[in-house]
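Source file: data-v2.cif. Holds: mmCIF, C-alpha atoms.
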data_structure
loop_
_atom_site.label_atom_id
_atom_site.label_comp_id
_atom_site.auth_asym_id
_atom_site.auth_seq_id
_atom_site.Cartn_x
_atom_site.Cartn_y
_atom_site.Cartn_z
CA MET W 1 46.57 -27.03 13.29
CA VAL W 2 46.20 -30.63 12.25
CA ILE W 3 46.84 -31.21 8.60
CA MET W 4 44.46 -33.71 7.16
CA SER W 5 45.82 -36.44 5.04
CA ALA W 6 43.89 -36.63 1.80
CA PHE W 7 40.79 -38.73 2.13
CA SER W 8 41.16 -41.69 -0.14
CA PRO W 9 39.77 -45.19 -0.07
CA GLY W 10 41.28 -47.26 2.68
CA GLN W 11 42.74 -44.25 4.46
CA PRO W 12 41.33 -43.01 7.70
CA ALA W 13 39.17 -39.98 6.97
CA SER W 14 39.82 -38.08 10.13
CA GLY W 15 42.38 -37.51 12.81
CA GLU W 16 40.34 -39.86 14.98
CA ASN W 17 42.18 -43.02 14.08
CA ALA W 18 45.23 -41.48 12.52
CA ALA W 19 46.60 -40.33 15.87
CA PRO W 20 49.32 -42.60 17.21
CA ASN W 21 47.63 -43.14 20.57
CA GLN W 22 44.32 -43.98 18.96
CA PRO W 23 43.43 -47.60 18.29
CA ASP W 24 42.86 -48.74 14.73
CA LEU W 25 39.07 -48.63 14.61
CA ALA W 26 38.81 -50.61 11.38
CA ALA W 27 40.86 -53.42 12.89
CA LEU W 28 38.67 -53.39 15.99
CA LEU W 29 35.57 -53.64 13.79
CA ARG W 30 37.04 -56.62 11.96
CA ALA W 31 37.83 -58.34 15.26
CA SER W 32 34.34 -57.59 16.53
CA ALA W 33 32.86 -59.16 13.41
CA ARG W 34 34.48 -62.39 14.54
CA GLY W 35 32.75 -62.07 17.91
CA ASP W 36 35.59 -60.48 19.89
CA GLU W 37 33.75 -58.65 22.65
CA ARG W 38 36.92 -57.21 24.14
CA ALA W 39 37.74 -55.55 20.83
CA PHE W 40 34.26 -54.09 20.81
CA ALA W 41 34.74 -52.71 24.32
CA GLU W 42 37.89 -51.00 23.11
CA LEU W 43 35.99 -49.68 20.11
CA TYR W 44 33.32 -48.36 22.43
CA ASP W 45 35.85 -46.59 24.62
CA ALA W 46 37.51 -44.97 21.62
CA THR W 47 34.30 -43.71 20.05
CA SER W 48 31.57 -43.31 22.66
CA ARG W 49 32.16 -39.63 23.44
CA ARG W 50 31.76 -38.60 19.85
CA LEU W 51 28.95 -40.99 19.08
CA TYR W 52 26.98 -40.12 22.20
CA GLY W 53 27.76 -36.44 21.67
CA LEU W 54 26.19 -36.58 18.22
CA VAL W 55 23.15 -38.47 19.47
CA VAL W 56 22.58 -36.00 22.32
CA ARG W 57 22.94 -33.10 19.95
CA VAL W 58 20.17 -34.47 17.73
CA VAL W 59 17.89 -36.16 20.28
CA ARG W 60 18.55 -33.78 23.21
CA ASP W 61 16.63 -35.71 25.86
CA PRO W 62 19.34 -37.58 27.84
CA ALA W 63 17.24 -40.68 28.58
CA GLN W 64 16.26 -41.11 24.96
CA SER W 65 19.80 -40.36 23.83
CA GLU W 66 21.08 -43.21 25.92
CA GLU W 67 18.55 -45.58 24.33
CA VAL W 68 19.43 -44.41 20.85
CA ALA W 69 23.18 -44.69 21.44
CA GLN W 70 22.66 -48.19 22.77
CA GLU W 71 20.65 -49.17 19.69
CA ALA W 72 23.38 -47.71 17.52
CA TYR W 73 26.14 -49.72 19.21
CA LEU W 74 24.11 -52.91 18.95
CA GLU W 75 23.54 -52.25 15.27
CA ILE W 76 27.26 -51.60 14.84
CA TRP W 77 28.04 -54.87 16.59
CA ARG W 78 25.57 -56.81 14.45
CA SER W 79 26.79 -55.39 11.19
CA CYS W 80 30.55 -55.07 11.83
CA ALA W 81 31.24 -57.48 8.99
CA ARG W 82 29.43 -55.16 6.59
CA PHE W 83 31.89 -52.34 7.19
CA ASP W 84 33.94 -51.75 4.06
CA ALA W 85 37.07 -49.66 4.49
CA ASP W 86 36.99 -48.81 0.79
CA ARG W 87 33.82 -46.84 1.34
CA GLY W 88 35.08 -44.55 4.09
CA SER W 89 36.50 -44.54 7.59
CA ALA W 90 35.29 -46.68 10.45
CA MET W 91 34.35 -43.58 12.39
CA SER W 92 32.29 -42.25 9.52
CA TRP W 93 30.49 -45.59 9.16
CA MET W 94 29.67 -45.79 12.87
CA MET W 95 28.52 -42.20 13.07
CA THR W 96 26.31 -42.69 10.04
CA ILE W 97 24.50 -45.51 11.81
CA ALA W 98 24.16 -43.46 14.99
CA HIS W 99 22.94 -40.39 13.11
CA ARG W 100 20.31 -42.34 11.25
CA LYS W 101 19.01 -43.82 14.49
CA ALA W 102 18.94 -40.42 16.17
CA VAL W 103 17.04 -38.90 13.26
CA ASP W 104 14.58 -41.78 13.16
CA ARG W 105 13.96 -41.26 16.84
CA VAL W 106 13.26 -37.54 16.69
CA ARG W 107 11.00 -38.02 13.71
CA SER W 108 8.91 -40.69 15.35
CA ALA W 109 5.59 -39.47 16.60
CA GLU W 110 6.16 -40.50 20.18
CA ALA W 111 9.40 -38.63 20.47
CA ALA W 112 7.86 -35.52 18.97
CA SER W 113 5.86 -34.98 22.11
CA ARG W 114 8.56 -36.05 24.53
CA ARG W 115 11.45 -34.20 22.99
CA GLU W 116 12.53 -31.35 25.16
CA GLN W 117 14.82 -28.49 24.50
CA THR W 118 17.21 -29.47 27.24
CA TYR W 119 20.33 -29.92 25.16
CA GLU W 120 21.96 -26.61 25.99
CA SER W 121 21.40 -26.80 29.72
CA THR W 122 22.47 -30.41 30.19
CA THR W 123 25.48 -30.53 27.97
CA ARG W 124 26.88 -27.06 27.59
CA GLU W 125 29.21 -27.27 30.56
CA ARG W 126 30.50 -30.73 29.75
CA ALA W 127 30.71 -30.43 26.03
CA TYR W 128 34.45 -30.81 26.38
CA ASP W 129 35.87 -33.53 28.52
CA VAL W 130 39.17 -32.94 30.19
CA THR W 131 41.30 -35.80 28.99
CA ALA W 132 44.70 -36.39 27.55
CA GLU W 133 43.28 -36.01 24.06
CA GLN W 134 41.79 -32.64 24.79
CA VAL W 135 44.40 -30.64 22.97
CA GLU W 136 44.11 -32.72 19.86
CA ARG W 137 40.36 -32.52 19.96
CA ASP W 138 40.38 -28.77 20.42
CA LEU W 139 42.55 -28.49 17.35
CA ASP W 140 40.09 -30.59 15.41
CA SER W 141 37.24 -28.43 16.66
CA GLN W 142 39.02 -25.26 15.59
CA ARG W 143 39.74 -26.69 12.19
CA VAL W 144 36.08 -27.62 11.76
CA ARG W 145 34.90 -24.27 13.03
CA ARG W 146 37.10 -22.49 10.52
CA ALA W 147 35.80 -24.74 7.77
CA LEU W 148 32.24 -23.92 8.80
CA GLU W 149 33.05 -20.24 8.56
CA SER W 150 33.91 -20.71 4.90
CA LEU W 151 30.29 -21.59 4.17
CA THR W 152 27.68 -18.99 3.32
CA GLU W 153 25.23 -18.30 6.09
CA THR W 154 22.42 -20.21 4.36
CA GLN W 155 24.65 -23.16 3.61
CA ARG W 156 25.80 -23.28 7.21
CA GLY W 157 22.27 -22.96 8.55
CA ALA W 158 20.97 -25.63 6.20
CA VAL W 159 23.75 -28.11 7.00
CA GLN W 160 23.42 -27.61 10.74
CA LEU W 161 19.63 -27.83 10.81
CA ALA W 162 19.76 -30.99 8.73
CA TYR W 163 22.64 -32.72 10.47
CA PHE W 164 22.24 -31.65 14.08
CA GLY W 165 18.58 -30.66 13.97
CA GLY W 166 17.50 -33.87 12.28
CA TYR W 167 15.16 -31.94 9.98
CA THR W 168 14.28 -32.97 6.44
CA HIS W 169 15.33 -30.65 3.63
CA THR W 170 11.68 -29.67 3.25
CA GLU W 171 11.54 -28.65 6.90
CA VAL W 172 14.88 -26.89 6.59
CA ALA W 173 13.46 -24.84 3.72
CA ALA W 174 10.50 -23.80 5.86
CA LEU W 175 12.72 -22.99 8.86
CA LEU W 176 15.03 -20.82 6.78
CA GLY W 177 12.26 -19.30 4.70
CA ILE W 178 13.85 -20.42 1.45
CA PRO W 179 11.97 -22.00 -1.46
CA LEU W 180 11.23 -25.70 -1.43
CA GLY W 181 13.92 -27.49 -3.32
CA THR W 182 16.53 -24.88 -2.47
CA ALA W 183 17.44 -26.40 0.87
CA LYS W 184 18.67 -29.64 -0.65
CA THR W 185 20.99 -27.64 -2.89
CA ARG W 186 22.25 -25.59 0.06
CA ILE W 187 22.88 -28.72 2.09
CA ARG W 188 24.77 -30.34 -0.75
CA ASP W 189 26.78 -27.23 -1.63
CA GLY W 190 27.59 -26.65 2.03
CA LEU W 191 28.80 -30.20 2.55
CA ILE W 192 30.88 -30.10 -0.61
CA ARG W 193 32.52 -26.88 0.52
CA LEU W 194 33.11 -28.28 3.96
CA ARG W 195 34.63 -31.41 2.50
CA ASP W 196 36.90 -29.44 0.21
CA THR W 197 37.94 -26.97 2.90
CA LEU W 198 38.77 -29.83 5.23
CA GLY W 199 40.99 -31.26 2.51
CA MET W 200 38.96 -34.39 2.01
CA GLN W 201 38.61 -35.64 -1.50
CA PRO W 202 35.44 -36.99 -3.06
CA MET R 1 14.94 -37.20 -13.53
CA ASN R 2 18.48 -38.46 -12.98
CA ALA R 3 20.02 -35.02 -12.75
CA ASP R 4 17.37 -34.20 -10.21
CA ILE R 5 17.87 -37.26 -8.05
CA HIS R 6 21.63 -36.69 -8.17
CA GLY R 7 21.10 -33.46 -6.27
CA LEU R 8 19.66 -35.35 -3.32
CA SER R 9 23.09 -36.77 -2.41
CA GLY R 10 23.81 -34.12 0.22
CA ALA R 11 20.43 -34.37 1.90
CA TYR R 12 20.73 -38.16 1.81
CA ALA R 13 24.20 -38.04 3.37
CA VAL R 14 22.82 -36.21 6.42
CA ASP R 15 19.55 -38.17 6.59
CA ALA R 16 17.49 -35.16 5.52
CA LEU R 17 15.24 -37.05 3.13
CA ASP R 18 11.78 -38.33 3.98
CA ASP R 19 11.15 -42.05 3.69
CA VAL R 20 9.88 -41.91 0.12
CA GLU R 21 12.78 -39.83 -1.17
CA ARG R 22 15.20 -41.98 0.76
CA ALA R 23 13.90 -45.17 -0.85
CA GLU R 24 14.00 -43.52 -4.27
CA PHE R 25 17.51 -42.28 -3.78
CA GLU R 26 18.73 -45.64 -2.50
CA ARG R 27 17.34 -47.27 -5.60
CA HIS R 28 19.34 -44.80 -7.66
CA LEU R 29 22.42 -45.18 -5.48
CA GLY R 30 22.72 -48.88 -6.24
CA GLN R 31 23.36 -47.97 -9.87
CA CYS R 32 25.34 -44.75 -9.59
CA PRO R 33 28.98 -45.09 -8.51
CA GLU R 34 29.43 -41.31 -8.63
CA CYS R 35 26.68 -40.79 -6.09
CA GLN R 36 28.14 -43.55 -3.93
CA ASP R 37 31.47 -41.74 -3.84
CA GLU R 38 29.86 -38.41 -3.25
CA VAL R 39 27.66 -39.67 -0.42
CA ALA R 40 30.65 -41.32 1.26
CA SER R 41 32.73 -38.15 1.08
CA LEU R 42 29.89 -35.87 2.23
CA ARG R 43 29.11 -38.15 5.14
CA ALA R 44 32.75 -38.06 6.17
CA ALA R 45 32.67 -34.26 6.00
CA ALA R 46 29.51 -34.09 8.12
CA VAL R 47 31.03 -36.43 10.68
CA GLU R 48 33.93 -34.00 11.07
CA LEU R 49 31.43 -31.51 12.47
CA THR R 50 31.03 -33.66 15.57
CA HIS R 51 34.52 -32.93 16.88
CA ALA R 52 33.11 -29.98 18.78
CA SER R 53 30.27 -31.80 20.47
CA THR R 54 31.75 -34.73 22.33
CA VAL R 55 29.92 -35.71 25.49
CA THR R 56 30.86 -38.43 27.93
CA PRO R 57 27.98 -40.91 28.04
CA PRO R 58 26.67 -42.23 31.34
CA ALA R 59 28.55 -45.32 32.57
CA THR R 60 25.32 -47.30 32.38
CA LEU R 61 25.48 -47.07 28.59
CA ARG R 62 28.78 -48.93 28.42
CA ASP R 63 27.50 -51.61 30.76
CA SER R 64 24.30 -52.23 28.86
CA VAL R 65 25.99 -52.19 25.46
CA LEU R 66 28.62 -54.72 26.51
CA GLN R 67 26.04 -56.85 28.23
CA GLN R 68 23.74 -56.91 25.25
CA ILE R 69 26.27 -57.67 22.54
CA SER R 70 26.97 -61.05 24.10
CA THR R 71 23.39 -62.00 23.25
CA VAL R 72 23.55 -60.85 19.62
CA ARG R 73 25.28 -62.72 16.84
CA PRO R 74 27.16 -60.51 14.39
CA LEU R 75 25.88 -60.83 10.84
CA PRO R 76 28.09 -62.62 8.33
CA PRO R 77 29.89 -60.54 5.71
CA VAL R 78 28.07 -59.87 2.46
CA THR R 79 29.38 -62.49 0.06
CA PRO R 80 28.84 -62.83 -3.70
CA PRO R 81 25.95 -65.10 -4.51
CA ALA R 82 26.59 -68.81 -4.79
CA GLY R 83 24.12 -70.94 -6.70
CA GLU R 84 21.43 -70.79 -4.10
CA ASP R 85 19.95 -68.33 -1.72
CA PRO R 86 21.99 -68.34 1.48
CA ALA R 87 19.69 -67.48 4.31
CA GLY R 88 20.54 -64.43 6.30
CA THR R 89 22.86 -62.70 3.89
CA ALA R 90 20.22 -60.33 2.64
CA PRO R 91 19.45 -57.47 4.95
CA VAL R 92 16.24 -55.55 4.50
CA THR R 93 17.39 -54.58 1.04
CA SER R 94 16.69 -58.12 -0.06
CA LEU R 95 14.71 -57.01 -3.09
CA GLU R 96 17.84 -55.27 -4.32
CA THR R 97 19.83 -58.35 -3.55
CA HIS R 98 17.50 -60.62 -5.46
CA ARG R 99 17.70 -58.32 -8.41
CA ARG R 100 21.49 -58.38 -8.27
CA ARG R 101 21.56 -62.13 -8.18
CA ARG R 102 19.87 -62.35 -11.50
CA ASN R 103 22.58 -60.33 -13.16
CA PRO R 104 26.21 -60.95 -12.29
CA LEU R 105 27.31 -57.67 -13.86
CA VAL R 106 24.98 -55.68 -11.70
CA TRP R 107 26.43 -57.52 -8.75
CA LEU R 108 29.87 -56.04 -9.33
CA VAL R 109 28.55 -52.52 -9.13
CA ALA R 110 26.26 -53.42 -6.30
CA ALA R 111 29.02 -55.03 -4.29
CA ALA R 112 30.80 -51.70 -4.27
CA ALA R 113 27.66 -50.14 -2.92
CA ALA R 114 27.10 -52.83 -0.36
CA ALA R 115 28.41 -50.84 2.56
CA VAL R 116 26.22 -47.92 1.68
CA LEU R 117 23.21 -50.08 1.05
CA ALA R 118 23.79 -52.09 4.17
CA VAL R 119 23.75 -48.93 6.21
CA GLY R 120 20.72 -47.71 4.36
CA GLY R 121 18.95 -51.00 4.74
CA LEU R 122 19.77 -52.19 8.16
CA VAL R 123 18.41 -49.20 9.98
CA TRP R 124 14.95 -50.03 8.78
CA SER R 125 14.76 -52.57 11.59
CA PRO R 126 16.45 -50.82 14.48
CA TRP R 127 15.02 -52.89 17.31
CA GLU R 128 14.91 -56.31 15.78
CA SER R 129 17.60 -58.87 16.40
CA ASP R 130 16.52 -60.85 13.35
CA GLU R 131 16.16 -59.50 9.87
CA PRO R 132 12.50 -59.21 9.02
CA PRO R 133 11.52 -59.51 5.39
CA PRO R 134 10.80 -56.15 3.77
CA SER R 135 7.33 -54.95 4.66
CA ALA R 136 4.76 -54.48 1.93
CA THR R 137 5.42 -50.75 2.13
CA GLU R 138 9.17 -51.20 1.67
CA GLN R 139 8.59 -53.55 -1.24
CA VAL R 140 6.50 -50.95 -3.01
CA LEU R 141 8.97 -48.15 -2.25
CA GLN R 142 11.87 -50.25 -3.54
CA ALA R 143 10.08 -51.61 -6.60
CA LYS R 144 11.88 -50.87 -9.81
CA ASP R 145 8.72 -49.55 -11.45
CA ALA R 146 7.63 -47.53 -8.41
CA GLN R 147 5.91 -44.33 -9.51
CA ARG R 148 5.30 -41.47 -7.21
CA TYR R 149 2.42 -38.99 -7.12
CA GLU R 150 2.45 -36.16 -4.65
CA LYS R 151 -0.09 -33.54 -3.57
CA VAL R 152 0.14 -30.84 -0.95
CA VAL R 153 -3.04 -29.56 0.69
CA ASP R 154 -2.96 -26.99 3.50
CA GLY R 155 0.52 -27.95 4.64
CA ALA R 156 -0.27 -31.67 4.62
CA ARG R 157 1.50 -33.72 2.01
CA ALA R 158 0.06 -36.89 0.58
CA THR R 159 2.21 -39.13 -1.56
CA ILE R 160 1.07 -42.25 -3.33
CA VAL R 161 3.72 -44.65 -4.53
CA ARG R 162 2.44 -47.29 -6.91
CA SER R 163 4.12 -50.35 -8.37
CA VAL R 164 2.19 -51.81 -11.28
CA SER R 165 4.31 -54.97 -11.27
CA LEU R 166 3.51 -55.62 -7.60
CA GLY R 167 -0.10 -54.48 -8.05
CA LYS R 168 0.30 -52.47 -4.86
CA ALA R 169 0.21 -48.87 -3.81
CA VAL R 170 1.14 -47.13 -0.59
CA ILE R 171 -0.04 -43.79 0.68
CA ILE R 172 2.28 -41.72 2.85
CA ALA R 173 0.86 -38.65 4.51
CA ASP R 174 2.93 -36.03 6.31
CA ASN R 175 1.38 -33.58 8.76
CA MET R 176 -2.02 -35.10 8.26
CA PRO R 177 -4.55 -33.32 10.49
CA ALA R 178 -7.05 -35.34 12.53
CA ALA R 179 -10.30 -36.03 10.71
CA PRO R 180 -13.21 -33.89 12.00
CA GLU R 181 -15.20 -35.27 14.93
CA GLY R 182 -17.29 -38.26 13.82
CA LYS R 183 -15.51 -38.46 10.45
CA ASP R 184 -12.70 -40.40 8.86
CA PHE R 185 -10.47 -39.83 5.88
CA GLN R 186 -11.16 -42.55 3.33
CA VAL R 187 -8.88 -43.37 0.42
CA TRP R 188 -10.33 -44.44 -2.92
CA PHE R 189 -9.04 -45.89 -6.12
CA GLN R 190 -10.61 -44.76 -9.34
CA ASN R 191 -11.20 -47.43 -11.98
CA PRO R 192 -11.05 -46.69 -15.72
CA ASP R 193 -14.83 -46.05 -15.75
CA GLY R 194 -14.40 -43.27 -13.24
CA GLU R 195 -15.93 -45.29 -10.45
CA MET R 196 -14.45 -44.96 -6.93
CA VAL R 197 -13.56 -48.09 -4.99
CA SER R 198 -12.61 -47.97 -1.33
CA ALA R 199 -8.90 -48.48 -0.67
CA GLY R 200 -9.06 -48.11 3.11
CA LEU R 201 -9.45 -45.68 6.00
CA MET R 202 -6.67 -43.46 7.27
CA PRO R 203 -5.95 -43.55 11.01
CA HIS R 204 -8.26 -41.15 12.80
CA GLU R 205 -5.77 -39.15 14.89
CA ALA R 206 -3.42 -36.46 13.64
CA LYS R 207 0.04 -37.90 13.06
CA PRO R 208 3.27 -36.47 11.70
CA THR R 209 3.60 -39.38 9.28
CA VAL R 210 1.19 -42.08 8.24
CA SER R 211 1.98 -44.79 5.75
CA MET R 212 -0.54 -47.36 4.70
CA VAL R 213 -0.77 -50.01 2.01
CA LEU R 214 -3.91 -49.45 -0.04
CA ASP R 215 -6.49 -52.21 -0.50
CA GLY R 216 -6.99 -53.48 -4.02
CA ASP R 217 -4.93 -54.27 -7.10
CA ALA R 218 -3.32 -50.91 -7.71
CA SER R 219 -2.32 -51.81 -11.26
CA GLN R 220 -5.99 -51.84 -12.33
CA PHE R 221 -6.74 -48.25 -11.42
CA THR R 222 -6.25 -44.92 -13.12
CA GLY R 223 -6.28 -42.67 -10.11
CA ALA R 224 -6.94 -42.26 -6.40
CA GLY R 225 -8.54 -39.76 -4.07
CA ILE R 226 -9.23 -38.96 -0.44
CA THR R 227 -12.61 -37.91 0.93
CA VAL R 228 -14.01 -37.11 4.36
CA GLU R 229 -16.59 -39.73 5.26
CA PRO R 230 -18.73 -40.56 8.30
CA ALA R 231 -16.67 -42.48 10.88
CA GLY R 232 -16.06 -46.02 9.74
CA GLY R 233 -16.15 -45.11 6.06
CA SER R 234 -18.71 -45.38 3.27
CA PRO R 235 -19.28 -47.87 0.45
CA ALA R 236 -19.01 -44.99 -2.03
CA PRO R 237 -17.79 -41.41 -1.60
CA THR R 238 -20.38 -39.06 -0.11
CA SER R 239 -18.35 -35.88 -0.46
CA ASP R 240 -16.02 -34.19 -2.89
CA PRO R 241 -12.43 -35.39 -2.71
CA VAL R 242 -10.00 -33.38 -0.61
CA VAL R 243 -7.32 -34.45 -3.02
CA LEU R 244 -7.21 -36.39 -6.29
CA PHE R 245 -4.35 -38.25 -7.89
CA GLU R 246 -4.20 -39.20 -11.52
CA PHE R 247 -1.92 -42.12 -12.33
CA SER R 248 -0.03 -41.48 -15.51
#
Could you rewrite the structure in this file as C-alpha cells?
Amino acid sequence: MVIMSAFSPGQPASGENAAPNQPDLAALLRASARGDERAFAELYDATSRRLYGLVVRVVRDPAQSEEVAQEAYLEIWRSCARFDADRGSAMSWMMTIAHRKAVDRVRSAEAASRREQTYESTTRERAYDVTAEQVERDLDSQRVRRALESLTETQRGAVQLAYFGGYTHTEVAALLGIPLGTAKTRIRDGLIRLRDTLGMQP
Amino acid sequence: MNADIHGLSGAYAVDALDDVERAEFERHLGQCPECQDEVASLRAAAVELTHASTVTPPATLRDSVLQQISTVRPLPPVTPPAGEDPAGTAPVTSLETHRRRRNPLVWLVAAAAAAVLAVGGLVWSPWESDEPPPSATEQVLQAKDAQRYEKVVDGARATIVRSVSLGKAVIIADNMPAAPEGKDFQVWFQNPDGEMVSAGLMPHEAKPTVSMVLDGDASQFTGAGITVEPAGGSPAPTSDPVVLFEFS
C-alpha cells in the first residue's frame, strides 16, 4: 500500500508525481508556460491515460471524448501560467479542467441526443494498461477503492453520479430518490470523508 | 445565506452545480479563503478516484494536441495590477478583476483565489483562442447585486437573475418543454402599476437549458411572468401566467 504524504500547499497531492520515475508535472507546466512544446509533450505522455480515462468515463462516446480531451489539453496549454502550486497539485489542476469540459459537453443539448451508453463495452477490457507503472497504479486503485468503501452507500452513490456521471446535485437527488438539497450535502460529506481517509489534509 | 452557500463547496468541486449556482458560488469563493481551501482539497480527493479508470487515448489525440499547441500562445501569468489595464490579463472573470483593481486589499485575497477563479473562468470559453468579454448573461450572473428568483413548474425550473445596478435580468430555464403547436412562451416584466411589458420570446423547441437576457430595464420592474401566447408573441398577455415572479 502506498502511504500518502500529507497534502499541503506546494506538495504533490498524489502518488502521480511523487514517484521517482514520474516527471515533475509542475515543472513541466512552468516550462510549457514559456512556450516549451517538448515539455508539454512530456506532460501529455505522463498524464494522458488518466485525463482521457476521466473524460471517457464521463462522456462515454469515444469520438466526443477525443474532442473533449483535446480541448482540455489546449486549455491547459493556454493557461499553464495560471497554475499555482500553492492551490493544489498539477495533476489536480489539469484534471479539474478536463472534468469541467467533459461535464459541459454532456450537459450540452447536442450531446444529450448523441451520448450513448457505450462506456462499459468500449473500455472495460482496456481499463488497465499493461505498463511498467501498472503495479503502482493498481496499488493506487486499491487504496482508492478502500477509501470509497468507507463512505456510506448514499455518499458513494452521490459522489460517483456527480463526478463520473456529470450530473448536477439536483439530478443526483432525483436519481437517488433523496430530497432536493440533500444530495449536495452527501456529495460534500462523501468527498470530505474520502479526502480524510486518503490522508489528504484540507 | 453564507452558511448555505458554504455547503455548495463539494458540489462545486465536482462540477455538480448548474450555471446559476456556479456563478453564485464563484462570487462567494473570491471572498472566502476557507471555501477556496476546501474546494482545492475536495477536488484533489475526487481526482484520486480516477486512478482506477485510466484509458490509453488514441494516438491521433497526441498528434492533434501537439500540432495545435504550436498555433496557440500561452496566456501570461496573472500579475498584480499596475496603474493601467493591461490587455489580456483578465480572463472571462474580468468583472471580478475590475472589482479587485479598485481595492488593493481585496486583491490580496483574490490573488490567492486566482488559480481557482482562473479555472472557473476560463472554461466559459472552451473553443475560443481569444478571450471574449463576458457575455451579458455572465455579467448579470456575476454582478455583485445579482438577485435570484426561482420557480419550479411541472419539473421545469425557471430562474430569473436580476442585477439592479446593471439594469438587466436573465432568465434560465431547465427542462423547458416545447411550447404547444402554434404557440410560444413569452416572458413579461411587471411594472409598479401591475402592467405587463414584453421582455421577449423563449425559443420554441424543448431544450434542456435555455438562458436569455430579458428586454427592458430590469431595475424598473417589480416582477416578471411567463405566459403562453400565439406564435410570435402578443403586445399584452392573452392568458394567465404559467409562472409569476415577484422581485423583492
(message) Env of Thr137 of chain R: 8 Å cut, atoms = all atoms listed in the file, seq-sep filter 3 positions within chain, self excluded. Answer as number ranges by chain.
(response) R: 134, 140-141, 170, 211-213
Run the PyMOL selection byres ((chain R) within 7 of (chain W)) against the file shown and list the residues it catches, as a short mmCIF file (atom, residue, chain, number, x, y, z; two decimals) with C-alpha atoms, in the coordinates of the input.
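Saved file result-v2.cif follows:
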data_model
loop_
_atom_site.label_atom_id
_atom_site.label_comp_id
_atom_site.auth_asym_id
_atom_site.auth_seq_id
_atom_site.Cartn_x
_atom_site.Cartn_y
_atom_site.Cartn_z
CA GLY R 7 21.10 -33.46 -6.27
CA LEU R 8 19.66 -35.35 -3.32
CA SER R 9 23.09 -36.77 -2.41
CA GLY R 10 23.81 -34.12 0.22
CA ALA R 11 20.43 -34.37 1.90
CA VAL R 14 22.82 -36.21 6.42
CA ASP R 15 19.55 -38.17 6.59
CA ALA R 16 17.49 -35.16 5.52
CA LEU R 17 15.24 -37.05 3.13
CA ASP R 18 11.78 -38.33 3.98
CA ASP R 37 31.47 -41.74 -3.84
CA GLU R 38 29.86 -38.41 -3.25
CA ALA R 40 30.65 -41.32 1.26
CA SER R 41 32.73 -38.15 1.08
CA LEU R 42 29.89 -35.87 2.23
CA ARG R 43 29.11 -38.15 5.14
CA ALA R 44 32.75 -38.06 6.17
CA ALA R 45 32.67 -34.26 6.00
CA ALA R 46 29.51 -34.09 8.12
CA VAL R 47 31.03 -36.43 10.68
CA GLU R 48 33.93 -34.00 11.07
CA LEU R 49 31.43 -31.51 12.47
CA THR R 50 31.03 -33.66 15.57
CA HIS R 51 34.52 -32.93 16.88
CA ALA R 52 33.11 -29.98 18.78
CA SER R 53 30.27 -31.80 20.47
CA THR R 54 31.75 -34.73 22.33
CA VAL R 55 29.92 -35.71 25.49
CA THR R 56 30.86 -38.43 27.93
CA PRO R 57 27.98 -40.91 28.04
CA LEU R 61 25.48 -47.07 28.59
CA VAL R 65 25.99 -52.19 25.46
CA LEU R 66 28.62 -54.72 26.51
CA ILE R 69 26.27 -57.67 22.54
CA VAL R 72 23.55 -60.85 19.62
CA ARG R 73 25.28 -62.72 16.84
CA PRO R 74 27.16 -60.51 14.39
CA LEU R 75 25.88 -60.83 10.84
CA PRO R 76 28.09 -62.62 8.33
CA PRO R 77 29.89 -60.54 5.71
CA VAL R 78 28.07 -59.87 2.46
CA ALA R 115 28.41 -50.84 2.56
CA ALA R 118 23.79 -52.09 4.17
CA VAL R 119 23.75 -48.93 6.21
CA PRO R 126 16.45 -50.82 14.48
CA LYS R 207 0.04 -37.90 13.06
CA PRO R 208 3.27 -36.47 11.70
#
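Going from atom CA of Glu246 of chain R over to atom CA of Gln190 of chain R, you cover 8.8 Å.
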(message) Given only C-alpha atoms as the basis, pick out the residue of W:Leu43, W:Ala26, W:Gln155, W:Val106 nearest to Ile178 of chain W.
(response) W:Gln155
(message) What would the selection look like, as a ChimeraX atom specification, if the PyMOL selection byres ((chain R and resi 25-30) around 7) were run on the coordinates I just shared?
(response) /R:5,21-24,31-32,35-36,110,113,142
(request) State, in Å with one decimal place, the distance from atom CA of Trp188 of chain R to atom CA of Ser239 of chain R. (result)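 Interatomic distance, atom CA of Trp188 of chain R to atom CA of Ser239 of chain R: 12.0 Å.
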(request) Quote the spacing between atom CA of Arg105 of chain W and atom CA of Gln64 of chain W in Å to one decimal place. (result)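 Value for the atom CA of Arg105 of chain W-atom CA of Gln64 of chain W distance: 8.4 Å.
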(message) I need every residue sitting at most 9 Å from the point (8.9, -48.1, -12.7) (coordinates as in the file, all atoms listed in the file considered), written as a VMD selection string.
(response) chain R and resid 143 to 147 162 to 165
(request) Translate the PyMOL selection byres ((chain R and resi 200-206) around 9), as applied to the file shown, into an explicit residue set as a PyMOL selection string. (result) chain R and resi 175-180+183-188+198-199+207-215+231-233
(message) Residues within 7 Å of Gly225 of chain R, please, as a ChimeraX atom specification. Count only C-alpha atoms; anything in the same chain fewer than 4 positions from it doesn't count.
(response) /R:187-189,241,243-245
Produce a file of the selected residues containing C-alpha atoms, as a PDB file, in the coordinates of the input.
ATOM      1  CA  VAL R 187      -8.880 -43.370   0.420  1.00  0.00           C
ATOM      2  CA  TRP R 188     -10.330 -44.440  -2.920  1.00  0.00           C
ATOM      3  CA  PHE R 189      -9.040 -45.890  -6.120  1.00  0.00           C
ATOM      4  CA  PRO R 241     -12.430 -35.390  -2.710  1.00  0.00           C
ATOM      5  CA  VAL R 243      -7.320 -34.450  -3.020  1.00  0.00           C
ATOM      6  CA  LEU R 244      -7.210 -36.390  -6.290  1.00  0.00           C
ATOM      7  CA  PHE R 245      -4.350 -38.250  -7.890  1.00  0.00           C
TER       8      PHE R 245
END
(message) When you count only C-alpha atoms, which of these residues is closest to Gln139 of chain R: R:Val20, R:Glu34, R:Gly182, R:Ala173?
(response)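 Using only C-alpha atoms, Gln139 of chain R sits closest to R:Val20.
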